[in-house]
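Here is the structure we will look at, set down as structure tokens.
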Amino acid sequence: MNLSVNVCGIEFPNPTVLASGYLGVTGASLANCVKHGCGAVTGKTLFLEERPGHPNPTVLTYPGGIINAVGLCGEGVKEGRHEFEVFKSACPSNPLIGSVAGKNIKELVECARIMDSHPVDMLELNFSCPNVDDEMGRPIACDPLMTAQATEAVKKAVKKPVAVKLSPNTADIGLIAKHAEAAGADAITAINTVGPGMLIDIYTRKPILANKVGGVGGQGIKPIAIRCVYDIYKNVKIPIIGTGGISNGKDAIEMMMAGASLLGIGSALAYHDMKAFNMIIDKIRSFMEEEGFTDVAELVGLAHE
Amino acid sequence: MLSLKVSDIINENPLFKTYVFKHGLNARPGQFVMVWMPGVDEVPMSVGWVEADEFRIGIFKAGDCTTAIHEQVKIGDRLGIRGPFGKGFDLKDYKKITLAGGGCGTPPLLALAQKAAEKGMDVTAIIGARSKNLLIYEKEFKKLGCKVLVSTDDGSKGHKGFITDILKKELEKGKTDAVYTCGPEKMMVKVIEIAQDHKIPSQASLERFMKCGFGICGQCCIDGTGLRVCKDGPVFDGEVAMKHKEFGKYARSASGKRCDL
């Protein structure tokens, strides 16, 4: 039985990829995820400059989901190199995806160019975060033309494969994916968090997140993520990293059947802690055995047939 | 997120207050809560005392958030509480334990002493502070029946020097099954080393910048093992704590960049 996946010429030992924003602050933490079964990892989104992110509270759970406004904290793309080196020396055969963002396209390109020189296997462009609107305006990924423009500009500046992370907070995510593909994207990551959303504490009468609003993730957004990946798969030929509310192995298989070649894992950690990775992989393996599949790639897009 | 009324505030000293909440939290000693001061910030705080329908947290006035809590929160006001989170201390089946608390690291050890006393254990509490007026919970440890040994940096009370001086002497006497510590990290490194010299197991409660508190954001991950202080800790076995190459050396800021302790 083959659980390994080749995406953009990179060998992934299994389809699970730690999603950006989860456990990705340090190289040691990323390596700890691999130790727990994760196939590949995505670092925290980095900008050109150091960012402290929003004040706490930044991450909250509620029945059905998780809301966060961490606010894209990070030490800056240049300084981040060290953490990638730590990861790669511990896990040389596990792909590492470097996530980058910028306050405008010029900064994004510069940031991507620096990330391209780090020991990462692939780049991910995060222009779909919904909790920094005050600072940066509506995410680029909500607009097809800006998505194309930003993707094209980055592709001209870097050598490594580029995944474009898309937002569900748009009328037609398939169309946006199409524009990203036409602009040279090598893969699509979908979806970023939904919303933004808000939670209010009724006794203090205040929004709880310091940023007031935050991106909504977790179990509750899974059907939205599945539908988005389904729409994207219909519209593009490039591989998809399906992300959003995958909480167990069954969700993961659904996501592959919708069209994902790889699985972004994040909120499952909130529900099953570090055993989430192996739990998901074990379920995929036993499902394949029961249903007579021999290669995990056979699951991709099955819901379209 | 719970929004709980502060039912009492005990002024322990000019920099330290104990906040009492009438709420059954069901926290184990060494676990922590995220305390939200609306409009300011949310910070991790060890639970310092637990009863069926009450818990207490001791807050040292240090940064913006704790200063705001000290200056603005009155009895009857509400604070947001998330938790309890993390892995607490493990008392195992020990008979005699020694606690080594430095300054504002003392509260989780009081909660531990409370539990150990319930189990009928023999507890020695070595507590230290910069000066006599900053020493906390001496009375409370005594009330639990602990043997209390005190050190102050300036010698204004008890031994002049550090709790590690007292710990060394105590361990030389033998008869301690385990050492538990919380306080400044460089102090904890010494405490663990002293315990290791005497071949006695130890547990240490660590602190790092935290965001989610339940093990998903990665902010408090610690170099060497990549373990999460909020979820895999905050209490680590001494041997594990010493494997963390940043332990006693550096921490990380809100951005994730390395910074001094």
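For the structure tokens, the naming scheme is as follows: chains receive sequential letters (A, B, ...) according to their order of presentation, residues are indexed from 1 within each chain, and ligands are indexed from 1 in presentation order.
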Can I get the residues of chain A within 7 Å of chain B, each with the closest pair of atoms and their distance in Å to one decimal, using only C-alpha atoms, sorted chain first then ascending number, as JSON lines?
```
{"residue": "A:Gly21", "atom": "CA", "partner": "B:Cys217", "partner_atom": "CA", "distance": 6.5}
{"residue": "A:Tyr22", "atom": "CA", "partner": "B:Cys217", "partner_atom": "CA", "distance": 4.8}
{"residue": "A:Leu23", "atom": "CA", "partner": "B:Gly218", "partner_atom": "CA", "distance": 3.7}
{"residue": "A:Gly24", "atom": "CA", "partner": "B:Gly218", "partner_atom": "CA", "distance": 5.8}
{"residue": "A:Val25", "atom": "CA", "partner": "B:Gly218", "partner_atom": "CA", "distance": 5.6}
{"residue": "A:Thr26", "atom": "CA", "partner": "B:Cys221", "partner_atom": "CA", "distance": 7.0}
{"residue": "A:Ala28", "atom": "CA", "partner": "B:Gly226", "partner_atom": "CA", "distance": 4.3}
{"residue": "A:Ser29", "atom": "CA", "partner": "B:Gly226", "partner_atom": "CA", "distance": 4.0}
{"residue": "A:Asn32", "atom": "CA", "partner": "B:Gly226", "partner_atom": "CA", "distance": 5.5}
{"residue": "A:Glu50", "atom": "CA", "partner": "B:Ser255", "partner_atom": "CA", "distance": 6.6}
{"residue": "A:Arg51", "atom": "CA", "partner": "B:Ser255", "partner_atom": "CA", "distance": 5.4}
{"residue": "A:Pro52", "atom": "CA", "partner": "B:Ser255", "partner_atom": "CA", "distance": 4.0}
{"residue": "A:Gly53", "atom": "CA", "partner": "B:Ser255", "partner_atom": "CA", "distance": 6.6}
{"residue": "A:Pro55", "atom": "CA", "partner": "B:Asp41", "partner_atom": "CA", "distance": 6.0}
{"residue": "A:Asn56", "atom": "CA", "partner": "B:Glu42", "partner_atom": "CA", "distance": 5.0}
{"residue": "A:Pro57", "atom": "CA", "partner": "B:Glu42", "partner_atom": "CA", "distance": 5.4}
{"residue": "A:Thr58", "atom": "CA", "partner": "B:Lys211", "partner_atom": "CA", "distance": 6.2}
{"residue": "A:Val59", "atom": "CA", "partner": "B:Cys212", "partner_atom": "CA", "distance": 4.9}
{"residue": "A:Leu60", "atom": "CA", "partner": "B:Cys212", "partner_atom": "CA", "distance": 7.0}
{"residue": "A:Cys73", "atom": "CA", "partner": "B:Ser255", "partner_atom": "CA", "distance": 4.9}
{"residue": "A:Gly74", "atom": "CA", "partner": "B:Ser255", "partner_atom": "CA", "distance": 4.5}
{"residue": "A:Glu75", "atom": "CA", "partner": "B:Lys257", "partner_atom": "CA", "distance": 5.1}
{"residue": "A:Tyr203", "atom": "CA", "partner": "B:Ser3", "partner_atom": "CA", "distance": 6.6}
{"residue": "A:Ala210", "atom": "CA", "partner": "B:Gly39", "partner_atom": "CA", "distance": 6.9}
{"residue": "A:Leu269", "atom": "CA", "partner": "B:Ile216", "partner_atom": "CA", "distance": 6.2}
{"residue": "A:Ala270", "atom": "CA", "partner": "B:Ile216", "partner_atom": "CA", "distance": 6.3}
```
If you take only C-alpha atoms and a cut-off of 12 Å, which residues of range 170-287 of chain A touch range 95-103 of chain A, and what are their nearest atom pairs and distances in Å to one decimal, in chain and number order, as JSON lines?
```
{"residue": "A:Ala187", "atom": "CA", "partner": "A:Ile97", "partner_atom": "CA", "distance": 11.9}
{"residue": "A:Thr189", "atom": "CA", "partner": "A:Ser99", "partner_atom": "CA", "distance": 11.0}
{"residue": "A:Ile241", "atom": "CA", "partner": "A:Ile97", "partner_atom": "CA", "distance": 11.4}
{"residue": "A:Leu262", "atom": "CA", "partner": "A:Pro95", "partner_atom": "CA", "distance": 11.9}
{"residue": "A:Gly264", "atom": "CA", "partner": "A:Ile97", "partner_atom": "CA", "distance": 11.4}
```
Can you tell me, as a VMD selection string, which residues in range 21-260 of chain A count as strand (DSSP E) by DSSP?
chain A and resid 40 to 42 59 to 62 65 to 68 96 to 100 122 to 126 162 to 166 187 to 190 194 to 197 200 to 201 206 to 207 214 to 217 240 to 243
Residue subset to file, keeping N, CA and C atoms, as a tab-separated table (two decimals), in the first residue's frame:
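Dumped everything to part.tsv:
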```tsv
chain	number	residue	atom	x	y	z
A	40	ALA	N	4.66	16.25	6.43
A	40	ALA	CA	5.34	17.48	6.02
A	40	ALA	C	4.81	18.61	6.90
A	41	VAL	N	5.54	19.70	6.93
A	41	VAL	CA	5.12	20.80	7.81
A	41	VAL	C	5.15	22.15	7.09
A	42	THR	N	4.31	23.05	7.56
A	42	THR	CA	4.32	24.42	7.07
A	42	THR	C	4.67	25.32	8.25
A	59	VAL	N	-6.59	33.19	20.80
A	59	VAL	CA	-7.12	31.91	20.33
A	59	VAL	C	-8.18	31.43	21.32
A	60	LEU	N	-9.39	31.17	20.83
A	60	LEU	CA	-10.47	30.72	21.70
A	60	LEU	C	-11.17	29.54	21.05
A	61	THR	N	-11.69	28.66	21.90
A	61	THR	CA	-12.52	27.58	21.36
A	61	THR	C	-13.98	27.87	21.73
A	62	TYR	N	-14.87	27.32	20.96
A	62	TYR	CA	-16.29	27.39	21.29
A	62	TYR	C	-16.88	26.09	20.76
A	65	GLY	N	-15.97	24.91	17.10
A	65	GLY	CA	-14.85	25.49	16.36
A	65	GLY	C	-13.83	26.23	17.19
A	66	ILE	N	-12.95	26.90	16.46
A	66	ILE	CA	-11.86	27.67	17.06
A	66	ILE	C	-11.86	29.02	16.36
A	67	ILE	N	-11.68	30.07	17.11
A	67	ILE	CA	-11.56	31.39	16.48
A	67	ILE	C	-10.22	31.97	16.91
A	68	ASN	N	-9.50	32.55	15.94
A	68	ASN	CA	-8.19	33.10	16.30
A	68	ASN	C	-7.92	34.43	15.64
A	96	LEU	N	9.27	20.72	3.81
A	96	LEU	CA	9.04	21.91	4.62
A	96	LEU	C	8.50	23.01	3.70
A	97	ILE	N	7.35	23.54	4.07
A	97	ILE	CA	6.74	24.60	3.28
A	97	ILE	C	6.92	25.91	4.04
A	98	GLY	N	7.48	26.91	3.37
A	98	GLY	CA	7.70	28.22	4.00
A	98	GLY	C	6.56	29.15	3.62
A	99	SER	N	5.83	29.62	4.62
A	99	SER	CA	4.69	30.50	4.37
A	99	SER	C	5.12	31.96	4.46
A	100	VAL	N	4.74	32.73	3.45
A	100	VAL	CA	5.12	34.15	3.45
A	100	VAL	C	3.92	35.04	3.18
A	122	MET	N	9.18	24.25	-0.59
A	122	MET	CA	8.07	24.83	-1.33
A	122	MET	C	7.66	26.12	-0.61
A	123	LEU	N	7.06	27.04	-1.32
A	123	LEU	CA	6.58	28.27	-0.70
A	123	LEU	C	5.05	28.26	-0.66
A	124	GLU	N	4.50	28.89	0.35
A	124	GLU	CA	3.05	29.08	0.39
A	124	GLU	C	2.80	30.57	0.56
A	125	LEU	N	1.94	31.13	-0.29
A	125	LEU	CA	1.64	32.55	-0.19
A	125	LEU	C	0.36	32.72	0.61
A	126	ASN	N	0.51	33.38	1.76
A	126	ASN	CA	-0.66	33.61	2.61
A	126	ASN	C	-1.15	35.02	2.39
A	162	VAL	N	5.38	27.07	-5.82
A	162	VAL	CA	4.59	28.02	-5.03
A	162	VAL	C	3.16	27.53	-4.89
A	163	ALA	N	2.70	27.41	-3.64
A	163	ALA	CA	1.28	27.14	-3.38
A	163	ALA	C	0.62	28.45	-2.97
A	164	VAL	N	-0.56	28.68	-3.49
A	164	VAL	CA	-1.29	29.91	-3.14
A	164	VAL	C	-2.42	29.54	-2.20
A	165	LYS	N	-2.41	30.16	-1.02
A	165	LYS	CA	-3.44	29.81	-0.02
A	165	LYS	C	-4.64	30.73	-0.19
A	166	LEU	N	-5.80	30.11	-0.40
A	166	LEU	CA	-6.99	30.89	-0.74
A	166	LEU	C	-7.96	31.03	0.42
A	187	ALA	N	0.46	25.00	-6.92
A	187	ALA	CA	-0.52	24.28	-6.08
A	187	ALA	C	-1.43	25.30	-5.43
A	188	ILE	N	-2.55	24.81	-4.95
A	188	ILE	CA	-3.49	25.66	-4.20
A	188	ILE	C	-3.61	25.09	-2.79
A	189	THR	N	-3.53	25.95	-1.79
A	189	THR	CA	-3.87	25.54	-0.43
A	189	THR	C	-5.22	26.16	-0.11
A	190	ALA	N	-6.16	25.36	0.33
A	190	ALA	CA	-7.49	25.90	0.63
A	190	ALA	C	-8.12	25.03	1.70
A	194	VAL	N	-12.46	31.07	8.05
A	194	VAL	CA	-13.72	31.65	7.58
A	194	VAL	C	-14.02	32.90	8.40
A	195	GLY	N	-14.76	33.81	7.79
A	195	GLY	CA	-15.23	34.96	8.56
A	195	GLY	C	-14.75	36.28	8.01
A	196	PRO	N	-14.27	37.16	8.86
A	196	PRO	CA	-14.02	36.92	10.29
A	196	PRO	C	-15.28	36.77	11.13
A	197	GLY	N	-15.07	36.22	12.33
A	197	GLY	CA	-16.15	36.04	13.29
A	197	GLY	C	-15.85	36.79	14.57
A	200	ILE	N	-18.54	37.43	22.03
A	200	ILE	CA	-18.69	38.50	23.03
A	200	ILE	C	-18.88	37.88	24.41
A	201	ASP	N	-18.19	38.43	25.39
A	201	ASP	CA	-18.42	38.00	26.78
A	201	ASP	C	-19.59	38.81	27.32
A	206	LYS	N	-18.01	42.72	26.21
A	206	LYS	CA	-16.94	43.09	25.27
A	206	LYS	C	-16.61	41.90	24.36
A	207	PRO	N	-16.21	42.20	23.10
A	207	PRO	CA	-15.66	41.12	22.28
A	207	PRO	C	-14.46	40.52	23.02
A	214	GLY	N	-11.86	37.55	14.44
A	214	GLY	CA	-10.82	36.58	14.14
A	214	GLY	C	-11.31	35.56	13.13
A	215	GLY	N	-10.37	34.80	12.60
A	215	GLY	CA	-10.70	33.77	11.62
A	215	GLY	C	-11.29	32.55	12.30
A	216	VAL	N	-12.34	31.99	11.70
A	216	VAL	CA	-13.02	30.85	12.30
A	216	VAL	C	-12.54	29.56	11.64
A	217	GLY	N	-12.12	28.62	12.46
A	217	GLY	CA	-11.67	27.32	11.96
A	217	GLY	C	-12.26	26.21	12.80
A	240	ILE	N	-4.00	20.23	-4.91
A	240	ILE	CA	-4.61	21.03	-3.84
A	240	ILE	C	-4.17	20.47	-2.47
A	241	ILE	N	-3.76	21.37	-1.58
A	241	ILE	CA	-3.55	21.02	-0.18
A	241	ILE	C	-4.86	21.39	0.54
A	242	GLY	N	-5.67	20.37	0.83
A	242	GLY	CA	-7.01	20.61	1.41
A	242	GLY	C	-6.92	20.81	2.91
A	243	THR	N	-7.36	21.98	3.35
A	243	THR	CA	-7.20	22.38	4.75
A	243	THR	C	-8.50	22.98	5.25
```
Long-range neighbours of Thr147 in chain A as a PyMOL selection string, 7 Å cut-off, only C-alpha atoms, 6 positions minimum in chain
chain A and resi 140-141+179-180
Output N, CA and C atoms of each residue in that selection to a file, as a short mmCIF file (atom, residue, chain, number, x, y, z; two decimals), in the first residue's frame.
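Written file, out.cif:
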```
data_model
loop_
_atom_site.label_atom_id
_atom_site.label_comp_id
_atom_site.auth_asym_id
_atom_site.auth_seq_id
_atom_site.Cartn_x
_atom_site.Cartn_y
_atom_site.Cartn_z
N ILE A 140 -5.86 39.89 -0.36
CA ILE A 140 -5.63 39.79 -1.80
C ILE A 140 -6.44 38.62 -2.39
N ALA A 141 -6.48 37.51 -1.62
CA ALA A 141 -7.10 36.29 -2.12
C ALA A 141 -8.62 36.39 -2.26
N HIS A 179 -7.46 31.73 -11.66
CA HIS A 179 -6.57 32.87 -11.90
C HIS A 179 -5.18 32.59 -11.33
N ALA A 180 -5.13 31.97 -10.15
CA ALA A 180 -3.83 31.66 -9.56
C ALA A 180 -3.07 30.67 -10.44
#
```
Point-to-point distance from CA of Val47 in chain B to CA of Leu110 in chain B, Å rounded to tenths
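Between CA of Val47 in chain B and CA of Leu110 in chain B the gap is 9.2 Å.
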Nearby residues (only C-alpha atoms) at most 6 Å from range 289-294 of chain A, same-chain spacing under 2 positions excluded, as a VMD selection string
chain A and resid 1 286 to 287
Take the residues just selected and output them with N, CA and C atoms as an mmCIF file, in the first residue's frame.
```cif
data_model
loop_
_atom_site.group_PDB
_atom_site.id
_atom_site.type_symbol
_atom_site.label_atom_id
_atom_site.label_comp_id
_atom_site.auth_asym_id
_atom_site.auth_seq_id
_atom_site.Cartn_x
_atom_site.Cartn_y
_atom_site.Cartn_z
ATOM 1 N N MET A 1 0.847 -1.207 0.000
ATOM 2 C CA MET A 1 0.000 0.000 0.000
ATOM 3 C C MET A 1 0.876 1.249 0.000
ATOM 4 N N SER A 286 -6.537 2.004 6.925
ATOM 5 C CA SER A 286 -7.519 0.930 7.117
ATOM 6 C C SER A 286 -8.675 1.077 6.128
ATOM 7 N N PHE A 287 -9.041 2.309 5.807
ATOM 8 C CA PHE A 287 -10.086 2.530 4.812
ATOM 9 C C PHE A 287 -9.656 1.985 3.450
#
```
Long-range neighbours of Ala90 in chain A as JSON, numbers by chain, 10 Å cut-off, only C-alpha atoms, 4 positions minimum in chain
{"A": [27, 28, 30, 31, 32, 34, 35, 84, 85, 86, 94]}
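Our summary of the geometry notes that CA of Phe247 in chain B is positioned 17.5 Å from CA of Pro201 in chain B.
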Could you pull out the helix (DSSP H, G or I) residues of range 138-248 of chain B, going by DSSP on the backbone, and write them as a ChimeraX atom specification?
/B:138-143,163-172,185-197,238-243
Extract, using only C-alpha atoms, all DNA, RNA and protein residues at most 9 Å from Ser93 in chain A, discarding same-chain residues fewer than 5 positions from it, and format them as a list in words.
Glu11, Phe12, Pro13, Ala40 and Lys88 of chain A
Kindly indicate which residue among B:Pro84, B:Pro44, B:Gly174, B:Pro14 lies nearest to Pro29 in chain B, using only C-alpha atoms for the distances.
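Smallest distance to Pro29 in chain B is found for B:Pro84.
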Excluding Ser202 in chain B and its own-chain neighbours fewer than 4 positions away, which residues fall within 8 Å of it when counting only C-alpha atoms? Please give them as a PyMOL selection string.
chain B and resi 178-181+192+195-196+237-239
Can you spit out the residues from that selection as a tab-separated table (two decimals), in the first residue's frame, using N, CA and C atoms?
```
chain	number	residue	atom	x	y	z
B	178	ALA	N	11.35	13.35	46.71
B	178	ALA	CA	11.32	14.14	45.48
B	178	ALA	C	11.36	15.62	45.79
B	179	VAL	N	11.87	16.39	44.80
B	179	VAL	CA	11.94	17.85	44.94
B	179	VAL	C	11.07	18.48	43.87
B	180	TYR	N	10.27	19.45	44.26
B	180	TYR	CA	9.39	20.19	43.34
B	180	TYR	C	9.80	21.65	43.35
B	181	THR	N	9.89	22.25	42.16
B	181	THR	CA	10.36	23.64	42.15
B	181	THR	C	9.61	24.52	41.16
B	192	ILE	N	17.39	21.57	40.26
B	192	ILE	CA	17.40	20.25	39.61
B	192	ILE	C	18.80	19.61	39.71
B	195	ALA	N	19.27	18.25	43.15
B	195	ALA	CA	18.49	17.01	43.30
B	195	ALA	C	19.20	15.86	42.59
B	196	GLN	N	19.68	16.15	41.36
B	196	GLN	CA	20.37	15.10	40.59
B	196	GLN	C	21.63	14.63	41.31
B	237	ASP	N	9.48	16.79	34.30
B	237	ASP	CA	10.46	16.11	35.13
B	237	ASP	C	11.79	16.85	34.98
B	238	GLY	N	12.55	16.90	36.06
B	238	GLY	CA	13.83	17.61	36.02
B	238	GLY	C	14.71	17.18	34.86
B	239	GLU	N	14.75	15.86	34.60
B	239	GLU	CA	15.59	15.33	33.52
B	239	GLU	C	15.14	15.89	32.16
```
